[in-house]
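J.: Below is the file target38.txt, with compact mmCIF, C-alpha atoms and all ligand atoms.
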```
# COMPACT_ATOMS: atom_id res chain seq x y z
CA MET A 16 113.84 92.13 106.72
CA ALA A 17 114.57 92.50 110.41
CA VAL A 18 115.69 96.06 111.01
CA THR A 19 118.84 96.55 113.12
CA ASN A 20 121.15 99.45 113.84
CA GLN A 21 123.48 98.27 111.13
CA PRO A 22 122.88 99.46 107.55
CA ALA A 23 121.41 96.72 105.35
CA ARG A 24 123.93 94.88 103.20
CA LEU A 25 123.32 94.91 99.46
CA VAL A 26 124.91 92.84 96.73
CA VAL A 27 124.34 94.27 93.25
CA LEU A 28 124.57 92.10 90.12
CA ILE A 29 125.28 93.76 86.77
CA SER A 30 126.15 92.88 83.18
CA GLY A 31 126.58 96.27 81.53
CA GLY A 32 126.58 100.02 81.88
CA GLY A 33 125.53 100.06 85.50
CA SER A 34 123.48 103.25 85.49
CA ASN A 35 121.08 101.60 87.94
CA LEU A 36 124.05 100.59 90.07
CA GLN A 37 125.07 104.26 90.03
CA SER A 38 121.66 105.26 91.34
CA PHE A 39 122.25 102.90 94.29
CA ILE A 40 125.74 104.25 94.88
CA ASP A 41 124.34 107.79 94.90
CA ALA A 42 121.38 106.93 97.13
CA CYS A 43 123.60 105.10 99.67
CA GLY A 44 125.85 108.15 99.77
CA GLY A 45 123.00 110.55 100.50
CA ASP A 46 119.74 111.77 99.07
CA ASN A 47 119.88 111.23 95.31
CA GLY A 48 116.68 113.16 94.72
CA THR A 49 114.33 110.34 95.63
CA GLY A 50 115.40 109.89 99.20
CA ARG A 51 118.24 108.31 101.06
CA LEU A 52 118.94 104.59 101.09
CA ASP A 53 120.10 103.34 104.49
CA ALA A 54 122.25 100.56 103.17
CA LYS A 55 125.77 99.64 102.21
CA ILE A 56 126.76 98.00 98.94
CA ALA A 57 128.89 95.10 100.15
CA ALA A 58 129.86 93.99 96.65
CA VAL A 59 129.13 94.42 92.97
CA ILE A 60 129.31 91.30 90.83
CA SER A 61 129.40 91.22 87.04
CA ASN A 62 129.19 88.21 84.76
CA LYS A 63 130.97 90.23 82.05
CA PRO A 64 134.57 91.41 82.25
CA ASP A 65 133.94 94.59 80.22
CA ALA A 66 130.89 95.78 82.17
CA LYS A 67 131.24 99.53 82.64
CA GLY A 68 129.49 99.18 85.97
CA LEU A 69 132.64 97.54 87.39
CA GLU A 70 134.44 100.87 86.89
CA ARG A 71 131.64 102.72 88.62
CA ALA A 72 132.03 100.39 91.60
CA SER A 73 135.81 100.85 91.65
CA GLN A 74 135.46 104.61 91.53
CA ALA A 75 133.11 104.48 94.49
CA GLY A 76 135.54 102.26 96.42
CA ILE A 77 133.17 99.27 96.36
CA LEU A 78 134.47 95.74 96.18
CA ASN A 79 133.78 94.41 92.69
CA ILE A 80 134.08 90.92 91.37
CA MET A 81 133.78 89.33 87.98
CA VAL A 82 132.29 85.85 87.74
CA ASP A 83 132.50 85.10 84.03
CA HIS A 84 129.69 82.76 83.03
CA ARG A 85 131.80 81.52 80.11
CA ALA A 86 134.18 79.86 82.56
CA PHE A 87 131.50 77.33 83.54
CA ASP A 88 130.27 74.26 81.71
CA SER A 89 126.62 74.75 82.54
CA ARG A 90 124.11 77.29 83.75
CA GLU A 91 123.69 75.23 86.93
CA GLU A 92 127.42 75.37 87.70
CA PHE A 93 127.61 79.09 87.08
CA ASP A 94 124.58 79.80 89.22
CA ALA A 95 125.88 77.62 92.06
CA ASN A 96 129.23 79.40 92.02
CA LEU A 97 127.61 82.82 91.75
CA GLY A 98 125.33 81.95 94.63
CA ASP A 99 128.33 80.99 96.80
CA VAL A 100 130.04 84.30 96.03
CA ILE A 101 126.89 86.25 96.85
CA GLU A 102 126.33 84.33 100.07
CA SER A 103 129.89 85.03 101.23
CA PHE A 104 128.80 88.68 101.63
CA ASP A 105 125.82 87.75 103.80
CA PRO A 106 123.48 90.15 101.98
CA ASP A 107 120.10 91.31 103.24
CA LEU A 108 119.05 92.12 99.68
CA VAL A 109 120.34 90.98 96.29
CA ILE A 110 119.71 93.47 93.49
CA LEU A 111 119.64 92.51 89.82
CA ALA A 112 120.58 95.74 88.04
CA GLY A 113 120.71 94.95 84.35
CA PHE A 114 121.96 91.42 85.07
CA MET A 115 121.26 89.78 81.74
CA ARG A 116 121.19 86.11 82.67
CA ILE A 117 118.32 83.70 82.95
CA LEU A 118 118.55 82.28 86.46
CA THR A 119 117.99 78.67 87.45
CA THR A 120 115.19 77.79 89.82
CA ASP A 121 117.77 76.58 92.38
CA PHE A 122 119.47 79.97 92.35
CA VAL A 123 116.22 81.88 92.68
CA ASN A 124 115.03 79.66 95.51
CA ARG A 125 118.32 80.16 97.35
CA PHE A 126 117.64 83.91 97.61
CA ILE A 127 113.88 84.01 97.32
CA GLY A 128 112.28 86.88 99.19
CA LYS A 129 115.46 88.93 99.12
CA LEU A 130 116.07 88.98 95.38
CA ILE A 131 114.68 91.88 93.33
CA ASN A 132 114.89 92.91 89.68
CA ILE A 133 114.06 95.89 87.54
CA HIS A 134 112.56 95.25 84.15
CA PRO A 135 112.17 97.94 81.47
CA SER A 136 108.48 97.44 80.69
CA LEU A 137 105.09 97.80 82.25
CA LEU A 138 104.91 94.19 83.42
CA PRO A 139 103.09 91.91 82.86
CA ALA A 140 103.52 93.38 79.35
CA TYR A 141 106.71 92.45 77.53
CA PRO A 142 108.71 90.10 79.71
CA GLY A 143 112.04 89.11 78.13
CA LEU A 144 114.15 91.15 75.72
CA HIS A 145 113.68 94.11 73.33
CA THR A 146 110.97 95.63 75.47
CA HIS A 147 111.23 99.15 74.04
CA GLN A 148 111.04 98.07 70.42
CA ARG A 149 108.10 95.82 71.22
CA ALA A 150 106.23 98.70 72.87
CA LEU A 151 106.95 100.90 69.84
CA ASP A 152 105.90 98.19 67.37
CA ALA A 153 102.65 97.73 69.26
CA GLY A 154 101.89 101.45 69.01
CA ASP A 155 101.65 101.81 72.79
CA ALA A 156 101.12 105.28 74.22
CA GLU A 157 103.14 104.53 77.36
CA ALA A 158 106.16 102.53 78.42
CA GLY A 159 107.93 102.25 81.73
CA ALA A 160 109.69 100.07 84.24
CA THR A 161 108.71 97.65 86.98
CA VAL A 162 110.57 96.57 90.11
CA HIS A 163 109.55 93.09 91.23
CA PHE A 164 110.54 90.25 93.49
CA VAL A 165 112.23 87.50 91.53
CA THR A 166 110.59 84.08 91.28
CA PRO A 167 111.55 81.22 88.98
CA GLU A 168 109.20 82.48 86.27
CA LEU A 169 111.11 84.90 83.97
CA ASP A 170 110.10 88.50 84.81
CA GLY A 171 107.02 86.99 86.46
CA GLY A 172 107.49 87.65 90.18
CA PRO A 173 105.17 89.92 92.16
CA ALA A 174 105.43 93.56 91.13
CA ILE A 175 106.36 96.17 93.73
CA LEU A 176 106.58 99.56 92.04
CA GLN A 177 105.89 100.61 88.47
CA ALA A 178 106.62 103.91 86.74
CA LYS A 179 105.21 105.06 83.40
CA VAL A 180 106.65 107.39 80.79
CA PRO A 181 104.99 108.64 77.61
CA ILE A 182 106.01 107.30 74.21
CA LEU A 183 106.58 110.25 71.88
CA ALA A 184 105.87 110.31 68.15
CA ASP A 185 109.53 110.48 67.14
CA ASP A 186 110.80 107.89 69.64
CA ASN A 187 113.04 105.03 68.69
CA ALA A 188 114.18 102.22 70.99
CA THR A 189 117.24 104.22 72.09
CA SER A 190 115.40 107.41 72.99
CA LEU A 191 112.68 105.46 74.75
CA ALA A 192 115.19 103.37 76.70
CA ALA A 193 116.88 106.58 77.90
CA ARG A 194 113.55 108.01 79.09
CA VAL A 195 112.67 104.78 80.89
CA LEU A 196 116.09 104.73 82.59
CA THR A 197 115.42 108.12 84.18
CA VAL A 198 112.49 106.62 86.10
CA GLU A 199 114.34 103.37 86.79
CA HIS A 200 116.91 105.38 88.72
CA LYS A 201 114.16 106.78 90.92
CA ILE A 202 112.08 103.71 91.62
CA TYR A 203 114.77 101.11 92.21
CA PRO A 204 116.57 102.65 95.21
CA ALA A 205 113.17 103.68 96.58
CA VAL A 206 112.03 100.05 96.62
CA ALA A 207 115.27 98.98 98.27
CA GLN A 208 114.67 101.54 101.02
CA TRP A 209 111.17 100.13 101.59
CA PHE A 210 112.71 96.67 101.97
CA CYS A 211 115.61 97.76 104.16
CA SER A 212 113.32 99.70 106.50
CA GLY A 213 111.13 96.63 107.01
CA ARG A 214 108.10 97.97 105.11
CA LEU A 215 108.26 95.50 102.23
CA GLN A 216 108.40 91.73 102.05
CA MET A 217 107.33 88.83 99.89
CA THR A 218 104.98 86.41 101.62
CA ASN A 219 103.22 83.46 99.98
CA GLY A 220 104.29 84.71 96.57
CA GLN A 221 102.79 88.16 97.12
CA ALA A 222 104.48 91.53 97.53
CA ILE A 223 103.36 93.21 100.74
CA LEU A 224 104.02 96.89 101.41
CA ASP A 225 102.97 98.44 104.71
CA ASN A 226 100.80 95.34 105.36
CA GLU A 227 98.95 95.80 102.06
CA ILE A 228 99.06 93.11 99.37
CA LEU A 229 100.10 94.80 96.14
CA GLY A 230 98.19 94.16 92.93
CA GLN A 231 99.41 92.77 89.63
CA THR A 232 101.29 95.92 88.62
CA GLY A 233 102.47 96.87 92.11
CA ARG A 234 102.30 100.39 93.52
CA ALA A 235 102.07 103.14 90.88
CA PHE A 236 105.01 105.51 91.11
CA SER A 237 104.31 109.14 91.79
CA GLN A 238 106.64 111.77 93.17
CA ASP A 239 104.80 111.50 96.50
CA ASN A 240 104.99 107.80 97.26
CA GLU A 241 108.61 106.92 96.73
CA ARG A 242 109.72 107.61 100.29
C1 LIG B 1 117.97 98.62 82.43
O1 LIG B 1 117.09 99.26 81.53
C2 LIG B 1 117.25 97.45 83.09
O2 LIG B 1 115.90 97.70 83.33
C3 LIG B 1 117.44 96.39 82.06
O3 LIG B 1 118.74 96.55 81.59
C4 LIG B 1 119.11 97.93 81.69
C5 LIG B 1 120.41 98.03 82.44
O4 LIG B 1 120.89 99.33 82.43
N1 LIG B 1 117.22 95.09 82.60
C6 LIG B 1 116.70 94.09 81.90
O5 LIG B 1 116.36 94.18 80.75
C7 LIG B 1 116.53 92.79 82.70
N2 LIG B 1 115.72 91.89 81.99
P1 LIG B 1 122.08 99.75 83.41
O6 LIG B 1 123.20 98.73 83.23
O7 LIG B 1 122.50 101.10 82.90
O8 LIG B 1 121.56 99.79 84.80
```
Show me, as structure tokens, the structure contained in the file I just sent.
T.:
Amino acid sequence: MAVTNQPARLVVLISGGGSNLQSFIDACGGDNGTGRLDAKIAAVISNKPDAKGLERASQAGILNIMVDHRAFDSREEFDANLGDVIESFDPDLVILAGFMRILTTDFVNRFIGKLINIHPSLLPAYPGLHTHQRALDAGDAEAGATVHFVTPELDGGPAILQAKVPILADDNATSLAARVLTVEHKIYPAVAQWFCSGRLQMTNGQAILDNEILGQTGRAFSQDNER
């Protein structure tokens, strides 16, 4: 994005607990341990009325809105309405933070290049749901999370940053999900900072960081490269 003196404007979409949202709130307020995010959360939008993340937004004094998908007759109508609400905030970056909806191609194309997602697997492995159980069932030694640009293909857009965690012998889906979340909270605001500082963009369907085309799994997270 074009860098100006104004902090970048973020719109964050959630459906649930909002722990990733919290990592953005913390990073926008100062260094959350992985570096500061020079941005402002203009609005948080949930498609579910009972999403705990709405409370987190309220507590942080951030405008929060519920757009209940059940109030619409079709996916297309919901996405069109959601898109209008997002656009009214004129965001530089739209962040899917546990937003559990399949998005229409029209919606994705409306925000393409400034729409990012975090997915709890080492993409391209395990797109879709139940990622932790699938990694356990497969006997994998590692799991993790991937931040990627969103394209119309479900969980298929170009990867930006990927973090791995070990799978332990006594893990179940809950314990593994908790371990993966700890790295999600580090990598997601870090990617947003790359974007907001003009270092990251999507061009011709590829993720480009510091003028380098990223490979299929994006940059590998290490404590040194998140800034
Ligand atoms: C996170 O693990 C995120 O990666 C996942 O939902 C969780 C939301 O947690 N997203 C997806 O599965 C998207 N396909 P949070 O509400 O505590 O941030």
J.: Pick out the residues no farther than 7 Å from ligand LIG 1 (chain B), counting all atoms listed in the file, and list them as a list in words.
T.: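 Counting only what the definition allows, namely all atoms listed in the file, the set is Ile29, Ser30, Gly31, Gly32, Gly33, Ser34, Asn35, Leu36, Gly68, Ala112, Gly113, Phe114, Met115, Ile133, His134, Pro135, Gly143, Leu144, Ala160, Ala192, Leu196 and Glu199 of chain A.
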J.: Output C-alpha atoms for every residue in that selection, as a PDB file, in the coordinates of the input.
T.:
```
ATOM      1  CA  ILE A  29     125.280  93.760  86.770  1.00  0.00           C
ATOM      2  CA  SER A  30     126.150  92.880  83.180  1.00  0.00           C
ATOM      3  CA  GLY A  31     126.580  96.270  81.530  1.00  0.00           C
ATOM      4  CA  GLY A  32     126.580 100.020  81.880  1.00  0.00           C
ATOM      5  CA  GLY A  33     125.530 100.060  85.500  1.00  0.00           C
ATOM      6  CA  SER A  34     123.480 103.250  85.490  1.00  0.00           C
ATOM      7  CA  ASN A  35     121.080 101.600  87.940  1.00  0.00           C
ATOM      8  CA  LEU A  36     124.050 100.590  90.070  1.00  0.00           C
ATOM      9  CA  GLY A  68     129.490  99.180  85.970  1.00  0.00           C
ATOM     10  CA  ALA A 112     120.580  95.740  88.040  1.00  0.00           C
ATOM     11  CA  GLY A 113     120.710  94.950  84.350  1.00  0.00           C
ATOM     12  CA  PHE A 114     121.960  91.420  85.070  1.00  0.00           C
ATOM     13  CA  MET A 115     121.260  89.780  81.740  1.00  0.00           C
ATOM     14  CA  ILE A 133     114.060  95.890  87.540  1.00  0.00           C
ATOM     15  CA  HIS A 134     112.560  95.250  84.150  1.00  0.00           C
ATOM     16  CA  PRO A 135     112.170  97.940  81.470  1.00  0.00           C
ATOM     17  CA  GLY A 143     112.040  89.110  78.130  1.00  0.00           C
ATOM     18  CA  LEU A 144     114.150  91.150  75.720  1.00  0.00           C
ATOM     19  CA  ALA A 160     109.690 100.070  84.240  1.00  0.00           C
ATOM     20  CA  ALA A 192     115.190 103.370  76.700  1.00  0.00           C
ATOM     21  CA  LEU A 196     116.090 104.730  82.590  1.00  0.00           C
ATOM     22  CA  GLU A 199     114.340 103.370  86.790  1.00  0.00           C
TER      23      GLU A 199
END
```
J.: What gap, in Å, lies between CA of Leu118 in chain A and CA of Ala58 in chain A?
T.: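 Distance between the two atoms: 19.2 Å.
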J.: Write out as number ranges by chain each polymer residue whose atoms come within 12 Å of Glu92 in chain A, counting only C-alpha atoms; drop sequence neighbours fewer than 6 positions from it.
T.: A: 82-86, 98-99, 118-119, 121-122
J.: Enumerate, as a ChimeraX atom specification, the protein, DNA and RNA residues whose atoms approach (113.1, 104.7, 101.2) to within 9 Å, taking into account only C-alpha atoms and the coordinate frame of the file.
T.: /A:49-53,204-212,241-242
J.: Measuring atom to atom with only C-alpha atoms, identify which of A:Gly44, A:Ala54, A:Asp170, A:Val100 is nearest to Gly76 in chain A.
T.: A:Gly44
J.: Around all the atoms of range 198-203 of chain A listed in the file, with 4 Å of room on each side, what axis-aligned box do you get, giving centre and edge lengths in Å to one decimal, as JSON?
T.:
```
{"center_x": 114.5, "center_y": 103.9, "center_z": 89.2, "size_x": 12.8, "size_y": 13.7, "size_z": 14.1}
```
J.: Pick from A:Ala184, A:Val123, A:Ile101, A:Val18: nearest to Leu169 in chain A, with all atoms listed in the file counted?
T.: A:Val123
J.: Just to confirm, what's the straight-line distance from CA of Arg116 in chain A to CA of Glu102 in chain A in Å (one decimal)?
T.: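 These atoms are spaced 18.2 Å apart.
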